[in-house]
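Data file: final.cif. Format and content: mmCIF, C-alpha atoms.
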```
data_target
#
loop_
_atom_site.label_atom_id
_atom_site.label_comp_id
_atom_site.auth_asym_id
_atom_site.auth_seq_id
_atom_site.Cartn_x
_atom_site.Cartn_y
_atom_site.Cartn_z
CA MET A 158 0.00 0.00 0.00
CA GLY A 159 2.86 2.40 0.83
CA ALA A 160 4.50 1.82 -2.56
CA GLU A 161 1.18 2.52 -4.30
CA MET A 162 0.73 5.73 -2.32
CA ILE A 163 4.22 6.88 -3.24
CA ARG A 164 3.60 6.00 -6.90
CA LEU A 165 0.40 8.03 -6.85
CA ALA A 166 2.15 10.92 -5.10
CA ASN A 167 4.78 11.02 -7.84
CA GLU A 168 2.34 10.98 -10.79
CA GLY A 169 2.81 14.09 -12.84
CA ASP A 170 -0.70 14.63 -14.21
CA GLY A 171 -2.37 15.16 -10.85
CA SER A 172 -5.11 12.66 -11.54
CA ARG A 173 -6.22 10.24 -8.83
CA ARG A 174 -4.29 11.94 -6.06
CA ASP A 175 -5.12 14.06 -3.09
CA PRO A 176 -3.73 17.61 -3.46
CA GLY A 177 -1.72 17.26 -0.23
CA CYS A 178 -0.42 13.81 -1.06
CA GLY A 179 2.56 15.03 -3.12
CA LEU A 180 3.62 17.44 -0.41
CA LEU A 181 3.29 14.83 2.33
CA PHE A 182 5.24 12.18 0.47
CA GLY A 183 7.78 14.70 -0.75
CA ARG A 184 8.46 15.55 2.88
CA LEU A 185 8.59 11.86 3.87
CA ARG A 186 11.04 11.20 1.02
CA ASP A 187 13.17 14.17 2.14
CA ALA A 188 13.08 12.90 5.75
CA GLY A 189 14.34 9.54 4.48
CA TYR A 190 17.22 11.30 2.74
CA ASP A 191 17.95 13.20 5.95
CA LEU A 192 18.06 9.93 7.93
CA ARG A 193 20.47 8.41 5.41
CA ARG A 194 22.64 11.54 5.57
CA LEU A 195 22.65 11.43 9.39
CA ALA A 196 23.57 7.73 9.37
CA SER A 197 26.37 8.47 6.89
CA GLU A 198 27.69 11.28 9.08
CA GLU A 199 27.56 9.05 12.18
CA LEU A 200 29.44 6.30 10.38
CA GLU A 201 32.07 8.77 9.18
CA ARG A 202 32.43 10.12 12.74
CA HIS A 203 33.10 6.60 14.02
CA ARG A 204 35.50 5.95 11.13
CA SER A 205 37.45 9.08 11.96
CA SER A 206 37.65 8.31 15.68
CA SER A 207 38.58 4.69 14.98
CA LYS A 208 41.38 5.64 12.59
CA ALA A 209 42.70 8.30 14.92
CA SER A 210 42.78 6.05 17.97
CA ARG A 211 43.77 2.77 16.35
CA GLY A 212 45.70 3.71 13.22
CA ALA A 213 44.31 3.71 9.71
CA GLU A 214 45.79 0.39 8.64
CA PRO A 215 43.94 -2.77 9.66
CA ARG A 216 46.12 -5.31 11.37
CA ARG A 217 47.02 -8.70 9.90
CA GLY A 218 45.15 -11.71 11.18
CA ARG A 219 42.11 -9.60 11.84
CA PRO A 220 39.51 -11.08 14.18
CA VAL A 221 36.33 -12.27 12.49
CA VAL A 222 32.92 -10.98 13.51
CA LEU A 223 29.69 -12.61 12.36
CA VAL A 224 26.97 -9.96 11.93
CA VAL A 225 23.51 -11.57 11.98
CA ASP A 226 20.53 -9.38 11.12
CA ASP A 227 17.79 -9.44 8.50
CA ASP A 228 17.89 -5.64 8.07
CA HIS A 229 20.27 -4.93 5.19
CA ASP A 230 20.97 -1.35 6.36
CA ILE A 231 21.99 -2.51 9.83
CA VAL A 232 24.20 -5.26 8.37
CA THR A 233 25.91 -2.74 6.07
CA TYR A 234 26.38 -0.21 8.86
CA LEU A 235 27.74 -2.73 11.38
CA SER A 236 29.97 -4.45 8.81
CA THR A 237 31.56 -1.15 7.83
CA TRP A 238 31.91 -0.13 11.45
CA PHE A 239 33.58 -3.43 12.37
CA GLU A 240 35.93 -3.14 9.37
CA ASP A 241 36.98 0.27 10.63
CA LEU A 242 37.74 -1.31 14.01
CA GLY A 243 40.02 -3.85 12.32
CA PHE A 244 37.65 -6.82 12.11
CA ARG A 245 36.83 -9.00 9.13
CA PRO A 246 33.01 -9.10 9.01
CA VAL A 247 31.03 -12.09 7.80
CA VAL A 248 27.28 -11.60 7.44
CA ALA A 249 24.15 -13.71 7.77
CA ALA A 250 20.54 -12.65 7.15
CA ASN A 251 18.87 -15.37 9.23
CA GLY A 252 19.55 -18.02 11.85
CA PHE A 253 20.22 -20.84 9.38
CA GLU A 254 22.91 -18.81 7.64
CA ALA A 255 24.30 -17.77 11.03
CA ILE A 256 24.86 -21.35 12.18
CA GLU A 257 26.37 -22.30 8.82
CA ARG A 258 28.76 -19.32 8.84
CA ALA A 259 29.67 -19.81 12.51
CA ILE A 260 30.73 -23.37 11.68
CA SER A 261 32.62 -22.45 8.51
CA HIS A 262 34.29 -19.19 9.68
CA ARG A 263 34.74 -19.74 13.44
CA PRO A 264 34.24 -16.06 14.30
CA ASP A 265 35.80 -14.41 17.32
CA LEU A 266 32.51 -12.62 18.02
CA ILE A 267 28.87 -12.80 16.92
CA THR A 268 26.32 -9.99 16.91
CA LEU A 269 22.82 -11.42 16.79
CA ASP A 270 19.42 -9.83 16.18
CA MET A 271 16.49 -11.57 17.88
CA SER A 272 13.73 -10.80 15.35
CA MET A 273 14.47 -12.58 12.09
CA PRO A 274 12.48 -14.58 9.57
CA GLU A 275 12.85 -18.34 9.08
CA LYS A 276 14.83 -19.03 12.27
CA SER A 277 14.58 -16.63 15.18
CA GLY A 278 17.53 -15.14 16.99
CA LEU A 279 16.50 -16.94 20.17
CA SER A 280 16.53 -20.31 18.41
CA THR A 281 19.88 -19.46 16.82
CA TYR A 282 21.29 -18.41 20.19
CA ARG A 283 20.07 -21.67 21.74
CA ASP A 284 21.77 -23.67 18.95
CA LEU A 285 25.04 -21.72 19.28
CA LYS A 286 25.21 -22.17 23.06
CA SER A 287 24.34 -25.88 22.93
CA ASP A 288 27.03 -26.73 20.36
CA GLN A 289 30.31 -27.98 21.88
CA GLU A 290 32.48 -26.08 19.41
CA LEU A 291 30.46 -22.88 19.05
CA CYS A 292 29.42 -22.26 22.65
CA GLN A 293 32.68 -20.47 23.50
CA ILE A 294 32.14 -17.73 20.89
CA PRO A 295 30.95 -14.55 22.65
CA VAL A 296 27.54 -13.33 21.48
CA ILE A 297 26.31 -9.75 21.62
CA ILE A 298 22.56 -9.61 21.23
CA ILE A 299 21.47 -6.46 19.41
CA THR A 300 17.70 -6.12 19.52
CA GLY A 301 14.70 -3.93 20.13
CA LEU A 302 12.93 -6.72 22.08
CA GLY A 303 13.65 -5.81 25.67
CA ARG A 304 15.68 -3.41 27.69
CA THR A 305 18.14 -5.86 29.26
CA ARG A 306 19.49 -9.30 28.48
CA GLU A 307 17.73 -10.60 31.58
CA ASP A 308 14.37 -9.29 30.24
CA LEU A 309 15.00 -10.97 26.93
CA LEU A 310 15.72 -14.42 28.33
CA ARG A 311 13.37 -14.32 31.33
CA GLY A 312 11.68 -17.70 31.71
CA ARG A 313 14.35 -19.50 29.68
CA ARG A 314 16.48 -20.75 32.54
CA SER A 315 18.24 -23.34 30.41
CA LEU A 316 19.91 -20.64 28.33
CA PRO A 317 22.99 -18.81 29.58
CA LEU A 318 22.90 -15.03 29.46
CA PRO A 319 24.64 -13.61 26.38
CA GLU A 320 28.07 -12.12 26.89
CA GLY A 321 26.82 -8.77 25.63
CA PHE A 322 23.53 -6.96 25.07
CA VAL A 323 22.91 -3.73 23.15
CA PRO A 324 19.32 -2.51 22.71
CA LYS A 325 18.12 -0.89 19.49
CA PRO A 326 18.47 1.85 18.48
CA ILE A 327 22.13 0.91 18.71
CA ASP A 328 24.29 2.98 21.03
CA MET A 329 27.59 2.69 19.15
CA ASP A 330 29.63 3.75 22.18
CA LEU A 331 28.06 0.96 24.25
CA LEU A 332 28.66 -1.50 21.42
CA GLU A 333 32.31 -0.46 21.17
CA LEU A 334 32.83 -0.87 24.93
CA THR A 335 31.19 -4.30 24.81
CA VAL A 336 33.33 -5.40 21.85
CA GLU A 337 36.48 -4.16 23.56
CA ARG A 338 35.56 -6.05 26.74
CA LEU A 339 34.88 -9.30 24.92
CA VAL A 340 37.47 -9.44 22.15
CA ARG A 341 40.34 -7.14 22.88
CA SER A 342 40.94 -8.21 26.49
#
```
Encoding of this model in structure tokens:
Amino acid sequence: MGAEMIRLANEGDGSRRDPGCGLLFGRLRDAGYDLRRLASEELERHRSSSKASRGAEPRRGRPVVLVVDDDHDIVTYLSTWFEDLGFRPVVAANGFEAIERAISHRPDLITLDMSMPEKSGLSTYRDLKSDQELCQIPVIIITGLGRTREDLLRGRRSLPLPEGFVPKPIDMDLLELTVERLVRS
């Protein structure tokens, strides 16, 4: 329905559209551009601070991070951010891909969204923590489903708490502190 409304708002002949529709959707489109610009600026700010504090050249034998999220924009943002921190990102769009890539790449760290199609983040987390070889990989849950990791896993006593938890919208400073604590120590 949204795509149809935008299509109608962009029709040039003015037929079949509400007079305010073009203005409304023009403003929504511009707001979308503003959000992209702000995200770009935020990423550049983190790139600059990362390069200044860690050196511009990535180190050899970079640690691998598995970024698991079904939102392409978040995957792109986090992958670029981790590259700037000196990691080699590997991505997965769902839980099945996450397990497959965890087995094949043996990442040093996994970031995991909880709300995903096909195989949920919770099911993926359960599989990671019950596997003898994968259970030692630290997992940072990045999600909008709860305010703390305890809230998220309440009632699931058989699951260990994740090593890290960052609520959405992502606080990049908190994420960086969590990554430093888990991987760099």
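Ranking A:Leu334, A:Val296, A:Val323, A:Met329 by their shortest atom-to-atom distance to Thr281 in chain A, with all atoms listed in the file included, puts A:Val296 first.
Atom pair CA of Thr335 in chain A / CA of Ile297 in chain A: separated by 8.0 Å.
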Show which residues sit within 12 Å of range 217-227 of chain A, as a PDB file with C-alpha atoms, keeping the file's coordinate frame. Count all atoms listed in the file, and ignore same-chain residues fewer than 5 positions away.
```
ATOM      1  CA  VAL A 232      24.200  -5.260   8.370  1.00  0.00           C
ATOM      2  CA  THR A 233      25.910  -2.740   6.070  1.00  0.00           C
ATOM      3  CA  TYR A 234      26.380  -0.210   8.860  1.00  0.00           C
ATOM      4  CA  LEU A 235      27.740  -2.730  11.380  1.00  0.00           C
ATOM      5  CA  SER A 236      29.970  -4.450   8.810  1.00  0.00           C
ATOM      6  CA  THR A 237      31.560  -1.150   7.830  1.00  0.00           C
ATOM      7  CA  TRP A 238      31.910  -0.130  11.450  1.00  0.00           C
ATOM      8  CA  PHE A 239      33.580  -3.430  12.370  1.00  0.00           C
ATOM      9  CA  GLU A 240      35.930  -3.140   9.370  1.00  0.00           C
ATOM     10  CA  ASP A 241      36.980   0.270  10.630  1.00  0.00           C
ATOM     11  CA  LEU A 242      37.740  -1.310  14.010  1.00  0.00           C
ATOM     12  CA  GLY A 243      40.020  -3.850  12.320  1.00  0.00           C
ATOM     13  CA  PHE A 244      37.650  -6.820  12.110  1.00  0.00           C
ATOM     14  CA  ARG A 245      36.830  -9.000   9.130  1.00  0.00           C
ATOM     15  CA  PRO A 246      33.010  -9.100   9.010  1.00  0.00           C
ATOM     16  CA  VAL A 247      31.030 -12.090   7.800  1.00  0.00           C
ATOM     17  CA  VAL A 248      27.280 -11.600   7.440  1.00  0.00           C
ATOM     18  CA  ALA A 249      24.150 -13.710   7.770  1.00  0.00           C
ATOM     19  CA  ALA A 250      20.540 -12.650   7.150  1.00  0.00           C
ATOM     20  CA  ASN A 251      18.870 -15.370   9.230  1.00  0.00           C
ATOM     21  CA  GLY A 252      19.550 -18.020  11.850  1.00  0.00           C
ATOM     22  CA  PHE A 253      20.220 -20.840   9.380  1.00  0.00           C
ATOM     23  CA  GLU A 254      22.910 -18.810   7.640  1.00  0.00           C
ATOM     24  CA  ALA A 255      24.300 -17.770  11.030  1.00  0.00           C
ATOM     25  CA  ILE A 256      24.860 -21.350  12.180  1.00  0.00           C
ATOM     26  CA  GLU A 257      26.370 -22.300   8.820  1.00  0.00           C
ATOM     27  CA  ARG A 258      28.760 -19.320   8.840  1.00  0.00           C
ATOM     28  CA  ALA A 259      29.670 -19.810  12.510  1.00  0.00           C
ATOM     29  CA  ILE A 260      30.730 -23.370  11.680  1.00  0.00           C
ATOM     30  CA  SER A 261      32.620 -22.450   8.510  1.00  0.00           C
ATOM     31  CA  HIS A 262      34.290 -19.190   9.680  1.00  0.00           C
ATOM     32  CA  ARG A 263      34.740 -19.740  13.440  1.00  0.00           C
ATOM     33  CA  PRO A 264      34.240 -16.060  14.300  1.00  0.00           C
ATOM     34  CA  ASP A 265      35.800 -14.410  17.320  1.00  0.00           C
ATOM     35  CA  LEU A 266      32.510 -12.620  18.020  1.00  0.00           C
ATOM     36  CA  ILE A 267      28.870 -12.800  16.920  1.00  0.00           C
ATOM     37  CA  THR A 268      26.320  -9.990  16.910  1.00  0.00           C
ATOM     38  CA  LEU A 269      22.820 -11.420  16.790  1.00  0.00           C
ATOM     39  CA  ASP A 270      19.420  -9.830  16.180  1.00  0.00           C
ATOM     40  CA  MET A 271      16.490 -11.570  17.880  1.00  0.00           C
ATOM     41  CA  SER A 272      13.730 -10.800  15.350  1.00  0.00           C
ATOM     42  CA  MET A 273      14.470 -12.580  12.090  1.00  0.00           C
ATOM     43  CA  PRO A 274      12.480 -14.580   9.570  1.00  0.00           C
ATOM     44  CA  GLU A 275      12.850 -18.340   9.080  1.00  0.00           C
ATOM     45  CA  LYS A 276      14.830 -19.030  12.270  1.00  0.00           C
ATOM     46  CA  SER A 277      14.580 -16.630  15.180  1.00  0.00           C
ATOM     47  CA  GLY A 278      17.530 -15.140  16.990  1.00  0.00           C
ATOM     48  CA  THR A 281      19.880 -19.460  16.820  1.00  0.00           C
ATOM     49  CA  TYR A 282      21.290 -18.410  20.190  1.00  0.00           C
ATOM     50  CA  ILE A 294      32.140 -17.730  20.890  1.00  0.00           C
ATOM     51  CA  PRO A 295      30.950 -14.550  22.650  1.00  0.00           C
ATOM     52  CA  VAL A 296      27.540 -13.330  21.480  1.00  0.00           C
ATOM     53  CA  ILE A 297      26.310  -9.750  21.620  1.00  0.00           C
ATOM     54  CA  ILE A 298      22.560  -9.610  21.230  1.00  0.00           C
ATOM     55  CA  ILE A 299      21.470  -6.460  19.410  1.00  0.00           C
ATOM     56  CA  THR A 300      17.700  -6.120  19.520  1.00  0.00           C
ATOM     57  CA  VAL A 336      33.330  -5.400  21.850  1.00  0.00           C
ATOM     58  CA  LEU A 339      34.880  -9.300  24.920  1.00  0.00           C
ATOM     59  CA  VAL A 340      37.470  -9.440  22.150  1.00  0.00           C
ATOM     60  CA  ARG A 341      40.340  -7.140  22.880  1.00  0.00           C
TER      61      ARG A 341
END
```
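Coordinates place CA of Asp228 in chain A at a distance of 17.6 Å from CA of Leu332 in chain A.
With distances restricted to all atoms listed in the file, A:Lys286 is the closest residue to Leu316 in chain A from A:Lys286, A:Glu337, A:Leu302, A:Leu331.
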- Quick one: pull the distance between CA of Asp330 in chain A and CA of Gly301 in chain A, Å, one decimal. 16.9 Å
